[in-house]
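Reproduced below: work-v1.tsv, with TSV, C-alpha atoms and all ligand atoms.
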```
chain	number	residue	atom	x	y	z
A	1	MET	CA	128.55	-17.58	121.86
A	2	LYS	CA	130.74	-14.46	121.89
A	3	ALA	CA	130.81	-11.51	119.52
A	4	VAL	CA	133.30	-8.70	119.16
A	5	ILE	CA	131.83	-5.35	118.10
A	6	LEU	CA	134.10	-2.68	116.65
A	7	VAL	CA	132.97	0.70	117.92
A	8	GLY	CA	136.20	2.68	118.24
A	9	GLY	CA	136.10	4.73	115.02
A	10	PHE	CA	135.88	8.54	114.94
A	11	GLY	CA	132.82	8.67	112.67
A	12	THR	CA	134.35	11.52	110.68
A	13	ARG	CA	131.85	11.33	107.84
A	14	LEU	CA	129.05	12.06	110.30
A	15	ARG	CA	130.68	15.05	111.96
A	16	PRO	CA	129.58	17.17	113.71
A	17	LEU	CA	126.90	14.75	115.00
A	18	THR	CA	129.75	12.55	116.24
A	19	VAL	CA	131.65	15.29	118.08
A	20	ASN	CA	129.79	14.48	121.32
A	21	THR	CA	128.24	11.13	120.43
A	22	PRO	CA	130.20	8.19	119.01
A	23	LYS	CA	128.61	6.86	115.82
A	24	PRO	CA	127.31	3.59	117.34
A	25	MET	CA	125.60	5.64	120.08
A	26	LEU	CA	123.67	7.86	117.64
A	27	PRO	CA	119.96	7.57	118.29
A	28	LEU	CA	117.84	5.60	115.87
A	29	VAL	CA	114.23	6.57	116.48
A	30	GLY	CA	115.25	7.68	119.98
A	31	THR	CA	117.32	4.61	120.99
A	32	PRO	CA	121.12	4.39	120.68
A	33	PHE	CA	121.93	2.26	117.63
A	34	ILE	CA	124.24	-0.02	119.66
A	35	GLU	CA	121.29	-1.01	121.88
A	36	TRP	CA	119.33	-2.16	118.82
A	37	MET	CA	122.39	-4.06	117.67
A	38	LEU	CA	122.98	-5.77	121.01
A	39	THR	CA	119.36	-6.84	121.43
A	40	ASN	CA	119.35	-8.14	117.85
A	41	LEU	CA	122.45	-10.23	118.66
A	42	ARG	CA	120.93	-11.43	121.93
A	43	ASP	CA	117.74	-12.49	120.12
A	44	GLN	CA	119.88	-14.45	117.67
A	45	GLY	CA	121.70	-16.48	120.33
A	46	ILE	CA	124.74	-14.33	121.17
A	47	ASP	CA	124.90	-13.88	124.93
A	48	GLU	CA	128.26	-12.15	125.37
A	49	ALA	CA	129.58	-9.11	123.49
A	50	ILE	CA	133.00	-7.50	123.71
A	51	LEU	CA	132.94	-3.88	122.60
A	52	CYS	CA	136.27	-2.55	121.34
A	53	VAL	CA	136.02	1.11	122.28
A	54	GLN	CA	138.42	4.01	121.83
A	55	TYR	CA	136.86	7.34	120.79
A	56	LEU	CA	134.49	8.70	123.54
A	57	ALA	CA	134.83	5.39	125.40
A	58	ASP	CA	133.01	6.61	128.53
A	59	ARG	CA	129.80	7.11	126.58
A	60	PHE	CA	129.59	3.34	126.09
A	61	ARG	CA	130.37	2.55	129.74
A	62	THR	CA	127.70	4.94	131.01
A	63	ALA	CA	125.03	3.73	128.58
A	64	LEU	CA	125.62	-0.02	128.66
A	65	GLY	CA	127.38	-0.90	131.92
A	66	ASP	CA	127.77	-4.69	132.11
A	67	GLY	CA	124.86	-5.26	129.71
A	68	SER	CA	122.51	-6.76	132.33
A	69	ARG	CA	119.80	-4.19	131.46
A	70	LEU	CA	119.77	-5.68	127.95
A	71	GLY	CA	119.87	-9.27	129.17
A	72	MET	CA	123.39	-10.09	128.05
A	73	LYS	CA	127.00	-9.87	129.19
A	74	VAL	CA	128.84	-6.83	127.80
A	75	HIS	CA	132.57	-6.15	128.22
A	76	ILE	CA	133.80	-2.70	127.29
A	77	ILE	CA	137.52	-2.78	126.47
A	78	GLU	CA	139.38	0.42	125.62
A	79	GLU	CA	142.37	0.51	123.28
A	80	PRO	CA	145.29	2.71	124.29
A	81	GLU	CA	145.16	4.21	120.78
A	82	PRO	CA	143.15	3.32	117.63
A	83	ARG	CA	144.42	-0.11	116.55
A	84	GLY	CA	142.37	-0.49	113.35
A	85	THR	CA	139.67	-3.10	112.82
A	86	ALA	CA	141.83	-6.25	113.14
A	87	GLY	CA	144.22	-4.69	115.67
A	88	ALA	CA	141.21	-3.97	117.90
A	89	VAL	CA	140.24	-7.66	117.84
A	90	LYS	CA	143.83	-8.65	118.66
A	91	HIS	CA	143.65	-6.35	121.69
A	92	VAL	CA	140.75	-8.42	123.11
A	93	ALA	CA	141.93	-11.84	121.84
A	94	HIS	CA	142.71	-12.98	125.42
A	95	LEU	CA	138.92	-13.07	125.96
A	96	LEU	CA	138.30	-15.25	122.88
A	97	ASP	CA	138.84	-19.00	122.75
A	98	ASP	CA	136.33	-20.27	120.22
A	99	THR	CA	134.67	-19.44	116.89
A	100	THR	CA	133.83	-15.73	117.14
A	101	PHE	CA	131.52	-13.32	115.37
A	102	VAL	CA	132.99	-9.88	114.63
A	103	PHE	CA	130.74	-6.95	113.70
A	104	ASN	CA	131.38	-3.45	112.45
A	105	GLY	CA	129.48	-1.31	114.92
A	106	ASP	CA	127.92	0.92	112.28
A	107	VAL	CA	126.02	-1.59	110.17
A	108	MET	CA	122.32	-2.15	110.50
A	109	THR	CA	121.36	-5.58	109.21
A	110	ASP	CA	118.87	-8.31	109.99
A	111	LEU	CA	121.22	-11.00	108.69
A	112	ASP	CA	120.38	-14.52	109.94
A	113	LEU	CA	123.43	-15.20	112.13
A	114	GLN	CA	122.61	-18.84	112.82
A	115	ALA	CA	122.34	-19.50	109.07
A	116	MET	CA	125.73	-17.82	108.58
A	117	LEU	CA	127.24	-19.96	111.36
A	118	ALA	CA	125.77	-23.16	109.88
A	119	PHE	CA	127.28	-22.19	106.49
A	120	HIS	CA	130.68	-21.49	108.11
A	121	ARG	CA	130.65	-24.93	109.77
A	122	ALA	CA	129.34	-26.83	106.75
A	123	LYS	CA	132.15	-25.37	104.59
A	124	GLN	CA	134.75	-25.89	107.35
A	125	SER	CA	135.61	-22.26	106.74
A	126	GLN	CA	138.30	-20.55	108.82
A	127	LEU	CA	137.02	-17.05	108.11
A	128	THR	CA	133.59	-16.25	106.69
A	129	ILE	CA	132.58	-12.77	105.49
A	130	ALA	CA	128.93	-11.76	105.09
A	131	LEU	CA	128.37	-10.36	101.60
A	132	THR	CA	125.67	-8.03	100.39
A	133	PRO	CA	124.85	-6.88	96.85
A	134	VAL	CA	125.11	-3.16	95.99
A	135	GLU	CA	124.07	-1.16	92.93
A	136	ASP	CA	127.34	0.74	92.48
A	137	PRO	CA	130.23	-1.50	93.52
A	138	THR	CA	132.93	1.05	92.61
A	139	ALA	CA	132.71	2.74	96.02
A	140	PHE	CA	133.28	-0.46	98.03
A	141	GLY	CA	135.58	-3.40	98.69
A	142	LEU	CA	134.40	-6.23	96.43
A	143	VAL	CA	134.72	-9.91	97.31
A	144	GLU	CA	134.93	-12.44	94.50
A	145	THR	CA	133.95	-16.05	95.21
A	146	THR	CA	133.50	-19.36	93.40
A	147	ALA	CA	129.95	-20.65	92.85
A	148	GLU	CA	130.31	-22.51	96.20
A	149	GLY	CA	131.24	-19.28	97.97
A	150	ARG	CA	134.99	-19.82	98.42
A	151	ILE	CA	136.70	-16.43	98.34
A	152	THR	CA	139.14	-16.05	95.46
A	153	ARG	CA	139.95	-12.33	95.38
A	154	PHE	CA	139.48	-8.98	97.14
A	155	LEU	CA	139.14	-5.89	95.01
A	156	GLU	CA	139.22	-2.44	96.70
A	157	LYS	CA	137.14	0.30	95.04
A	158	PRO	CA	137.55	-0.91	91.44
A	159	LYS	CA	137.16	1.19	88.29
A	160	PRO	CA	133.88	0.47	86.42
A	161	GLU	CA	135.68	-1.71	83.83
A	162	GLU	CA	137.27	-3.81	86.62
A	163	VAL	CA	133.97	-4.70	88.31
A	164	THR	CA	133.42	-8.48	88.26
A	165	THR	CA	130.85	-8.83	91.07
A	166	ASN	CA	128.39	-6.62	92.93
A	167	MET	CA	129.02	-8.41	96.26
A	168	ILE	CA	130.69	-6.34	98.95
A	169	ASN	CA	132.03	-7.01	102.42
A	170	ALA	CA	129.03	-6.37	104.70
A	171	GLY	CA	131.05	-5.90	107.91
A	172	THR	CA	130.10	-9.16	109.68
A	173	TYR	CA	132.68	-11.93	110.04
A	174	ILE	CA	133.04	-15.35	111.66
A	175	ILE	CA	136.65	-16.09	112.56
A	176	GLU	CA	138.35	-19.21	113.95
A	177	PRO	CA	140.48	-18.25	116.95
A	178	HIS	CA	143.83	-19.53	115.60
A	179	LEU	CA	143.71	-16.67	113.05
A	180	PHE	CA	144.05	-14.12	115.85
A	181	ASP	CA	147.69	-15.32	116.08
A	182	ASP	CA	148.21	-13.90	112.57
A	183	ILE	CA	147.30	-10.34	113.65
A	184	PRO	CA	150.35	-8.38	114.81
A	185	ALA	CA	150.07	-7.21	118.43
A	186	ASN	CA	150.15	-3.59	119.60
A	187	GLN	CA	149.89	-1.98	116.19
A	188	HIS	CA	147.33	-0.55	113.79
A	189	TYR	CA	146.15	-3.36	111.51
A	190	MET	CA	143.08	-3.64	109.29
A	191	PHE	CA	141.05	-6.65	108.21
A	192	GLU	CA	140.58	-5.35	104.68
A	193	ARG	CA	144.21	-4.60	103.89
A	194	GLY	CA	145.84	-7.01	106.37
A	195	LEU	CA	144.26	-10.18	107.74
A	196	PHE	CA	141.92	-10.92	104.81
A	197	PRO	CA	144.51	-10.85	102.00
A	198	SER	CA	147.11	-12.60	104.17
A	199	THR	CA	144.67	-15.41	105.09
A	200	LEU	CA	143.77	-15.81	101.42
A	201	GLN	CA	147.44	-15.96	100.46
A	202	LYS	CA	148.03	-18.71	103.03
A	203	ASN	CA	145.22	-20.65	101.36
A	204	HIS	CA	143.18	-21.06	104.55
A	205	PRO	CA	139.54	-21.75	103.56
A	206	MET	CA	137.72	-18.41	103.46
A	207	TYR	CA	134.10	-18.16	102.37
A	208	GLY	CA	131.63	-15.41	101.52
A	209	PHE	CA	128.10	-15.80	102.91
A	210	ALA	CA	125.87	-13.99	100.41
A	211	SER	CA	122.39	-12.92	101.44
A	212	ASP	CA	119.82	-10.33	100.55
A	213	ALA	CA	119.19	-9.44	104.20
A	214	TYR	CA	118.50	-5.78	104.97
A	215	TRP	CA	121.86	-3.99	105.15
A	216	THR	CA	122.92	-0.40	105.49
A	217	ASP	CA	125.90	1.42	106.93
A	218	ILE	CA	124.67	4.28	109.13
A	219	GLY	CA	127.92	6.20	108.62
A	220	THR	CA	126.97	9.20	106.43
A	221	PRO	CA	124.31	11.90	106.89
A	222	GLN	CA	122.50	10.50	103.86
A	223	THR	CA	122.45	6.88	105.09
A	224	TYR	CA	121.62	8.00	108.64
A	225	LEU	CA	118.45	9.68	107.31
A	226	GLU	CA	117.70	6.77	104.97
A	227	VAL	CA	117.88	4.19	107.74
A	228	HIS	CA	115.16	6.12	109.59
A	229	GLN	CA	113.02	5.99	106.46
A	230	ASP	CA	113.60	2.24	106.20
A	231	ILE	CA	112.71	1.66	109.86
A	232	ILE	CA	109.54	3.71	109.55
A	233	ASN	CA	108.60	2.03	106.27
A	234	GLY	CA	109.04	-1.38	107.94
A	235	LYS	CA	111.99	-2.52	105.78
A	236	VAL	CA	113.88	-3.69	108.87
A	237	ARG	CA	112.55	-5.23	112.09
A	238	PHE	CA	112.44	-2.44	114.69
A	239	ALA	CA	109.97	-1.86	117.54
A	240	LEU	CA	108.90	1.78	117.29
A	241	PRO	CA	108.76	3.40	120.74
A	242	GLY	CA	105.54	4.54	122.44
A	243	SER	CA	102.00	3.70	121.39
A	244	GLN	CA	100.47	3.77	117.94
A	245	ILE	CA	97.56	6.20	118.30
A	246	LYS	CA	96.73	6.53	114.57
A	247	HIS	CA	97.82	4.47	111.61
A	248	ASN	CA	100.71	6.89	110.96
A	249	LEU	CA	101.44	8.28	114.43
A	250	TRP	CA	103.40	6.84	117.35
A	251	VAL	CA	103.63	8.78	120.59
A	252	GLY	CA	105.53	8.31	123.85
A	253	SER	CA	104.39	9.28	127.35
A	254	ASN	CA	103.66	12.82	128.56
A	255	VAL	CA	103.48	14.19	125.05
A	256	SER	CA	101.54	17.38	124.32
A	257	ILE	CA	100.20	17.85	120.79
A	258	ALA	CA	97.83	20.72	119.93
A	259	ALA	CA	94.50	19.61	118.48
A	260	ASP	CA	95.05	21.09	115.01
A	261	VAL	CA	98.54	19.67	114.34
A	262	ALA	CA	98.51	17.84	110.98
A	263	PHE	CA	100.49	14.62	110.51
A	264	HIS	CA	101.25	13.17	107.08
A	265	GLY	CA	103.31	10.03	106.51
A	266	THR	CA	104.64	8.21	109.56
A	267	VAL	CA	105.79	10.26	112.52
A	268	VAL	CA	107.20	9.23	115.91
A	269	VAL	CA	106.88	11.72	118.78
A	270	CYS	CA	109.04	10.64	121.73
A	271	ASP	CA	108.42	11.05	125.50
A	272	GLY	CA	107.73	14.52	126.80
A	273	ALA	CA	107.76	16.25	123.39
A	274	GLN	CA	105.48	19.25	122.80
A	275	ILE	CA	104.07	20.36	119.45
A	276	ALA	CA	102.20	23.67	119.38
A	277	ALA	CA	99.18	24.72	117.32
A	278	GLY	CA	99.22	24.88	113.55
A	279	CYS	CA	102.31	22.70	113.00
A	280	VAL	CA	102.48	20.35	110.01
A	281	ILE	CA	104.67	17.28	110.57
A	282	THR	CA	105.38	15.14	107.53
A	283	GLY	CA	107.04	11.74	107.88
A	284	PRO	CA	109.20	9.95	108.04
A	285	THR	CA	110.04	12.21	110.94
A	286	ILE	CA	111.21	11.63	114.52
A	287	ILE	CA	110.59	14.29	117.17
A	288	GLY	CA	112.99	13.48	120.03
A	289	ALA	CA	112.17	13.33	123.72
A	290	HIS	CA	111.43	16.66	125.47
A	291	THR	CA	111.79	18.62	122.25
A	292	ARG	CA	109.41	21.57	121.89
A	293	ILE	CA	108.18	22.79	118.54
A	294	GLY	CA	106.63	26.25	118.38
A	295	ALA	CA	103.36	27.12	116.65
A	296	GLY	CA	103.07	27.10	112.89
A	297	SER	CA	106.27	25.15	112.19
A	298	ALA	CA	106.61	22.64	109.35
A	299	ILE	CA	108.86	19.61	109.80
A	300	THR	CA	109.38	17.18	106.91
A	301	ALA	CA	111.40	13.93	106.66
A	302	SER	CA	113.79	14.92	109.44
A	303	VAL	CA	115.35	13.46	112.57
A	304	ILE	CA	115.31	15.67	115.63
A	305	TRP	CA	117.02	14.50	118.84
A	306	GLN	CA	116.27	15.35	122.45
A	307	GLU	CA	115.61	18.57	124.34
A	308	ASN	CA	115.48	21.08	121.49
A	309	HIS	CA	113.49	24.31	121.55
A	310	LEU	CA	112.41	25.10	118.00
A	311	GLY	CA	110.34	27.82	116.42
A	312	PRO	CA	107.64	29.09	116.07
A	313	ASP	CA	107.20	29.29	112.28
A	314	MET	CA	110.26	27.21	111.47
A	315	VAL	CA	110.77	24.99	108.46
A	316	VAL	CA	112.90	21.85	108.77
A	317	SER	CA	113.16	19.42	105.89
A	318	HIS	CA	115.40	16.40	105.17
A	319	SER	CA	117.80	17.41	107.94
A	320	VAL	CA	119.13	16.29	111.33
A	321	ILE	CA	119.03	18.39	114.51
A	322	GLY	CA	121.06	17.09	117.48
A	323	HIS	CA	120.63	17.73	121.22
A	324	ARG	CA	119.63	20.83	123.23
A	325	ASN	CA	119.53	23.41	120.44
A	326	HIS	CA	117.66	26.71	120.71
A	327	ILE	CA	116.48	27.74	117.28
A	328	ALA	CA	114.39	30.88	116.99
A	329	ALA	CA	111.28	31.82	115.03
A	330	GLY	CA	111.31	31.66	111.26
A	331	VAL	CA	114.59	29.75	110.79
A	332	LYS	CA	114.63	27.52	107.70
A	333	ILE	CA	116.69	24.31	107.65
A	334	HIS	CA	116.74	22.33	104.41
A	335	ASN	CA	118.43	19.64	102.39
A	336	SER	CA	120.71	17.45	104.56
A	337	THR	CA	121.70	20.25	106.92
A	338	ILE	CA	123.15	19.02	110.22
A	339	ILE	CA	122.77	21.15	113.34
A	340	SER	CA	124.72	19.31	116.06
A	341	ASP	CA	124.33	20.09	119.79
A	342	ASP	CA	123.89	23.11	122.08
A	343	THR	CA	123.67	25.74	119.34
A	344	VAL	CA	121.76	29.00	119.65
A	345	ILE	CA	120.39	30.19	116.33
A	346	ALA	CA	118.58	33.50	116.20
A	347	GLY	CA	115.68	34.31	113.87
A	348	ASP	CA	115.52	34.59	110.09
A	349	ASN	CA	118.49	32.43	109.20
A	350	ALA	CA	118.31	29.86	106.43
A	351	PHE	CA	120.48	26.74	106.12
A	352	ASP	CA	120.65	24.57	103.03
A	353	ARG	CA	122.76	22.17	100.92
A	354	GLY	CA	124.24	20.01	103.66
A	355	VAL	CA	125.61	22.85	105.79
A	356	ARG	CA	126.98	21.55	109.10
A	357	ILE	CA	126.78	23.56	112.33
A	358	TRP	CA	129.29	22.57	115.02
A	359	PRO	CA	128.37	22.13	118.73
A	360	GLY	CA	127.99	25.32	120.70
A	361	THR	CA	127.79	27.60	117.67
A	362	GLN	CA	125.86	30.84	118.10
A	363	VAL	CA	124.34	32.36	114.98
A	364	ALA	CA	123.06	35.94	115.16
A	365	ALA	CA	119.82	36.99	113.46
A	366	GLN	CA	119.78	37.19	109.67
A	367	SER	CA	123.44	36.16	109.28
A	368	ILE	CA	123.13	33.03	107.10
A	369	SER	CA	121.06	32.71	103.98
A	370	PHE	CA	121.03	30.67	100.77
A	371	SER	CA	119.51	31.97	97.58
A	401	LIG	P1	134.61	7.32	109.39
A	401	LIG	O1	135.64	8.11	110.16
A	401	LIG	O2	133.45	8.16	108.98
A	401	LIG	O3	135.18	6.48	108.30
A	401	LIG	O4	133.98	6.28	110.44
A	401	LIG	P2	134.65	5.14	111.36
A	401	LIG	O5	136.13	5.12	111.31
A	401	LIG	O6	134.02	5.30	112.69
A	401	LIG	O7	134.06	3.85	110.70
A	401	LIG	P3	134.64	2.85	109.60
A	401	LIG	O8	133.52	2.57	108.68
A	401	LIG	O9	135.89	3.35	109.03
A	401	LIG	O10	134.94	1.57	110.50
A	401	LIG	C1	134.08	0.45	110.59
A	401	LIG	C2	133.82	0.08	112.04
A	401	LIG	O11	135.05	-0.20	112.71
A	401	LIG	C3	133.14	1.20	112.80
A	401	LIG	O12	132.13	0.61	113.61
A	401	LIG	C4	134.24	1.79	113.64
A	401	LIG	O13	133.76	2.24	114.92
A	401	LIG	C5	135.20	0.63	113.84
A	401	LIG	N1	136.60	1.03	113.89
A	401	LIG	C6	137.32	1.64	112.91
A	401	LIG	N2	138.57	1.83	113.32
A	401	LIG	C7	138.68	1.33	114.59
A	401	LIG	C8	139.73	1.26	115.54
A	401	LIG	O14	140.87	1.69	115.34
A	401	LIG	N3	139.44	0.65	116.74
A	401	LIG	C9	138.20	0.17	117.03
A	401	LIG	N4	137.98	-0.40	118.23
A	401	LIG	N5	137.17	0.24	116.14
A	401	LIG	C10	137.42	0.82	114.94
```
What would you get if you wrote out this structure as structure tokens?
Amino acid sequence: MKAVILVGGFGTRLRPLTVNTPKPMLPLVGTPFIEWMLTNLRDQGIDEAILCVQYLADRFRTALGDGSRLGMKVHIIEEPEPRGTAGAVKHVAHLLDDTTFVFNGDVMTDLDLQAMLAFHRAKQSQLTIALTPVEDPTAFGLVETTAEGRITRFLEKPKPEEVTTNMINAGTYIIEPHLFDDIPANQHYMFERGLFPSTLQKNHPMYGFASDAYWTDIGTPQTYLEVHQDIINGKVRFALPGSQIKHNLWVGSNVSIAADVAFHGTVVVCDGAQIAAGCVITGPTIIGAHTRIGAGSAITASVIWQENHLGPDMVVSHSVIGHRNHIAAGVKIHNSTIISDDTVIAGDNAFDRGVRIWPGTQVAAQSISFS
């Protein structure tokens, strides 16, 4: 069975992490998210995936090739310009001739795809949307259904008094191929504002498949950090890399950890990382491959990517550090700060309150502080 995966968005809410790395390629515990997604699809019976790429398209080609490394067939098809979610599917419709799954490429879910397909067939649905419950529906597109699941109404970001359901569009669809004819060619067109309401208006059977499967959108700094917590706390099926050497510690190969380093909570230390004496690492934390952490540093609930040189005597908490940064002694990084890639940050700076440092930035000593 074939799946289309939408991975062409700019990932603006995650900038500057997405300046060099498209959102679906962001590492989750050291592995690009799209690889987790593809292997999850493969394990659930999907053997061919068509990736609709646009922004930083080459990153997908280099990382995934034809998919054989992952045991499936992958086509990477680039749009001439962003066509929107439905317009992107139209652009690859010549490759689709049967019932097709479509996935947003930024949603982590362990939804049972075969159960969704069985539901779609049993209802003789033309278009089925996976639904997930949320606590605050006012920030999302709501989908109202009958008790049998037939979709009756779409409601975009309602006011609190308009909320009639807590079920939202979870970004996974099953679509019958004749509906691709209803998507206008060569133009920007969205599912949410275009194909879904127009299919409903034409009275084609559309159903919502509600489930309480794990679901999160990795698209904001907050949710990107939370998804790591969920992986590490075992809320979603995910094989942590390396070997489990203590109940709370996973390490890759060629790792160097000084004898007195203290680990609290669950921590993953990826291949080739080095952690010097006196560090305290508190999970959930990921230390990326070939990252070096100087003596006496404290890292808490943070995600650190590859090839960084940090410290000594640094503090990093609840923050994300990208690739190849050089951050000097004594720097403090707190509270959803994002340091992207290739920065050079001299000593005695402090970052807080979600500050975002763009790739290549150089920060002189003692020039940034928060009181
Ligand atoms: P933000 O800019 O932060 O909103 O992120 P985004 O646009 O990357 O993601 P959004 O949640 O808006 O889109 C949902 C999914 O559709 C993501 O996986 C995007 O990569 C993808 N997507 C959005 N627009 C396009 C598009 O024009 N073409 C393609 N191929 N994919 C798209």
Grab me every residue within 10 Å of ligand LIG 401 (chain A), counting all atoms listed in the file, and send it over as a PyMOL selection string. chain A and resi 4-15+18+22-24+34+51-55+57+77-89+91-92+103-107+171+187-191+217-220
Give as an NGL selection string every residue, naming chains and numbers as the document does, that has an atom within 10 Å of (127.0, -1.7, 92.9), counting only C-alpha atoms. :A and (132-140 or 142 or 160 or 163 or 165-168)
Long-range neighbours of region 311-327 of chain A as a VMD selection string, 6 Å cut-off, only C-alpha atoms, 2 positions minimum in chain: chain A and resid 293 to 309 329 to 345
Please, could you write that set of residues out with C-alpha atoms as an mmCIF file, in the coordinates of the input?
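Below is the file that was written, again.cif:
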```cif
data_model
loop_
_atom_site.group_PDB
_atom_site.id
_atom_site.type_symbol
_atom_site.label_atom_id
_atom_site.label_comp_id
_atom_site.auth_asym_id
_atom_site.auth_seq_id
_atom_site.Cartn_x
_atom_site.Cartn_y
_atom_site.Cartn_z
ATOM 1 C CA ILE A 293 108.180 22.790 118.540
ATOM 2 C CA GLY A 294 106.630 26.250 118.380
ATOM 3 C CA ALA A 295 103.360 27.120 116.650
ATOM 4 C CA GLY A 296 103.070 27.100 112.890
ATOM 5 C CA SER A 297 106.270 25.150 112.190
ATOM 6 C CA ALA A 298 106.610 22.640 109.350
ATOM 7 C CA ILE A 299 108.860 19.610 109.800
ATOM 8 C CA THR A 300 109.380 17.180 106.910
ATOM 9 C CA ALA A 301 111.400 13.930 106.660
ATOM 10 C CA SER A 302 113.790 14.920 109.440
ATOM 11 C CA VAL A 303 115.350 13.460 112.570
ATOM 12 C CA ILE A 304 115.310 15.670 115.630
ATOM 13 C CA TRP A 305 117.020 14.500 118.840
ATOM 14 C CA GLN A 306 116.270 15.350 122.450
ATOM 15 C CA GLU A 307 115.610 18.570 124.340
ATOM 16 C CA ASN A 308 115.480 21.080 121.490
ATOM 17 C CA HIS A 309 113.490 24.310 121.550
ATOM 18 C CA ALA A 329 111.280 31.820 115.030
ATOM 19 C CA GLY A 330 111.310 31.660 111.260
ATOM 20 C CA VAL A 331 114.590 29.750 110.790
ATOM 21 C CA LYS A 332 114.630 27.520 107.700
ATOM 22 C CA ILE A 333 116.690 24.310 107.650
ATOM 23 C CA HIS A 334 116.740 22.330 104.410
ATOM 24 C CA ASN A 335 118.430 19.640 102.390
ATOM 25 C CA SER A 336 120.710 17.450 104.560
ATOM 26 C CA THR A 337 121.700 20.250 106.920
ATOM 27 C CA ILE A 338 123.150 19.020 110.220
ATOM 28 C CA ILE A 339 122.770 21.150 113.340
ATOM 29 C CA SER A 340 124.720 19.310 116.060
ATOM 30 C CA ASP A 341 124.330 20.090 119.790
ATOM 31 C CA ASP A 342 123.890 23.110 122.080
ATOM 32 C CA THR A 343 123.670 25.740 119.340
ATOM 33 C CA VAL A 344 121.760 29.000 119.650
ATOM 34 C CA ILE A 345 120.390 30.190 116.330
#
```
Give one line per residue of region 65-134 of chain A that approaches region 208-212 of chain A to at most 7 Å, naming the two atoms of the closest pair and their distance in Å to one decimal, counting only C-alpha atoms; sort by chain then ascending residue number and deliver it as a tab-separated table.
```
residue	atom	partner	partner_atom	distance
A:Met116	CA	A:Phe209	CA	6.5
A:Thr128	CA	A:Gly208	CA	5.6
A:Ile129	CA	A:Gly208	CA	4.9
A:Ala130	CA	A:Phe209	CA	4.7
A:Leu131	CA	A:Ala210	CA	4.6
A:Thr132	CA	A:Ala210	CA	6.0
```
Neighbouring residues of Phe196 (chain A) were defined as those with any atom within 12 Å, considering only C-alpha atoms; residues of the same chain fewer than 2 positions away were excluded. Please report them as an mmCIF file with C-alpha atoms, in the frame of the given file.
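selection_29.cif, freshly written:
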```
data_model
loop_
_atom_site.group_PDB
_atom_site.id
_atom_site.type_symbol
_atom_site.label_atom_id
_atom_site.label_comp_id
_atom_site.auth_asym_id
_atom_site.auth_seq_id
_atom_site.Cartn_x
_atom_site.Cartn_y
_atom_site.Cartn_z
ATOM 1 C CA THR A 85 139.670 -3.100 112.820
ATOM 2 C CA ALA A 86 141.830 -6.250 113.140
ATOM 3 C CA GLN A 126 138.300 -20.550 108.820
ATOM 4 C CA LEU A 127 137.020 -17.050 108.110
ATOM 5 C CA THR A 128 133.590 -16.250 106.690
ATOM 6 C CA ILE A 129 132.580 -12.770 105.490
ATOM 7 C CA GLY A 141 135.580 -3.400 98.690
ATOM 8 C CA VAL A 143 134.720 -9.910 97.310
ATOM 9 C CA ILE A 151 136.700 -16.430 98.340
ATOM 10 C CA THR A 152 139.140 -16.050 95.460
ATOM 11 C CA ARG A 153 139.950 -12.330 95.380
ATOM 12 C CA PHE A 154 139.480 -8.980 97.140
ATOM 13 C CA LEU A 155 139.140 -5.890 95.010
ATOM 14 C CA ASN A 169 132.030 -7.010 102.420
ATOM 15 C CA TYR A 173 132.680 -11.930 110.040
ATOM 16 C CA ILE A 175 136.650 -16.090 112.560
ATOM 17 C CA LEU A 179 143.710 -16.670 113.050
ATOM 18 C CA PHE A 180 144.050 -14.120 115.850
ATOM 19 C CA ASP A 182 148.210 -13.900 112.570
ATOM 20 C CA ILE A 183 147.300 -10.340 113.650
ATOM 21 C CA TYR A 189 146.150 -3.360 111.510
ATOM 22 C CA MET A 190 143.080 -3.640 109.290
ATOM 23 C CA PHE A 191 141.050 -6.650 108.210
ATOM 24 C CA GLU A 192 140.580 -5.350 104.680
ATOM 25 C CA ARG A 193 144.210 -4.600 103.890
ATOM 26 C CA GLY A 194 145.840 -7.010 106.370
ATOM 27 C CA SER A 198 147.110 -12.600 104.170
ATOM 28 C CA THR A 199 144.670 -15.410 105.090
ATOM 29 C CA LEU A 200 143.770 -15.810 101.420
ATOM 30 C CA GLN A 201 147.440 -15.960 100.460
ATOM 31 C CA LYS A 202 148.030 -18.710 103.030
ATOM 32 C CA ASN A 203 145.220 -20.650 101.360
ATOM 33 C CA HIS A 204 143.180 -21.060 104.550
ATOM 34 C CA PRO A 205 139.540 -21.750 103.560
ATOM 35 C CA MET A 206 137.720 -18.410 103.460
ATOM 36 C CA TYR A 207 134.100 -18.160 102.370
ATOM 37 C CA GLY A 208 131.630 -15.410 101.520
#
```
Kindly provide, as lines of an AutoDock Vina configuration file, the centre and edge lengths (Å, one decimal) of an axis-aligned box around all atoms of region 345-363 of chain A given in the file, with 5 Å on each side.
```
center_x = 122.4
center_y = 27.3
center_z = 110.8
size_x = 23.8
size_y = 24.6
size_z = 29.8
```
Set out as a Markdown table a contact list for region 101-211 of chain A and region 229-237 of chain A with a cut-off of 12 Å, giving each residue of region 101-211 of chain A that qualifies its closest atom pair and distance in Å to one decimal, counting all atoms listed in the file, ordered by chain and rising residue number.
```
| residue | atom | partner | partner_atom | distance |
| --- | --- | --- | --- | --- |
| A:Met108 | CA | A:Val236 | CA | 8.7 |
| A:Thr109 | CA | A:Val236 | CA | 7.7 |
| A:Asp110 | CA | A:Val236 | CA | 6.9 |
| A:Leu111 | CA | A:Val236 | CA | 10.4 |
```
Which is closer to Ala185 (chain A) than all the others in A:Ala239, A:His228, A:Ala93, A:Gly65, using only C-alpha atoms?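 The closest residue to Ala185 (chain A) is A:Ala93.
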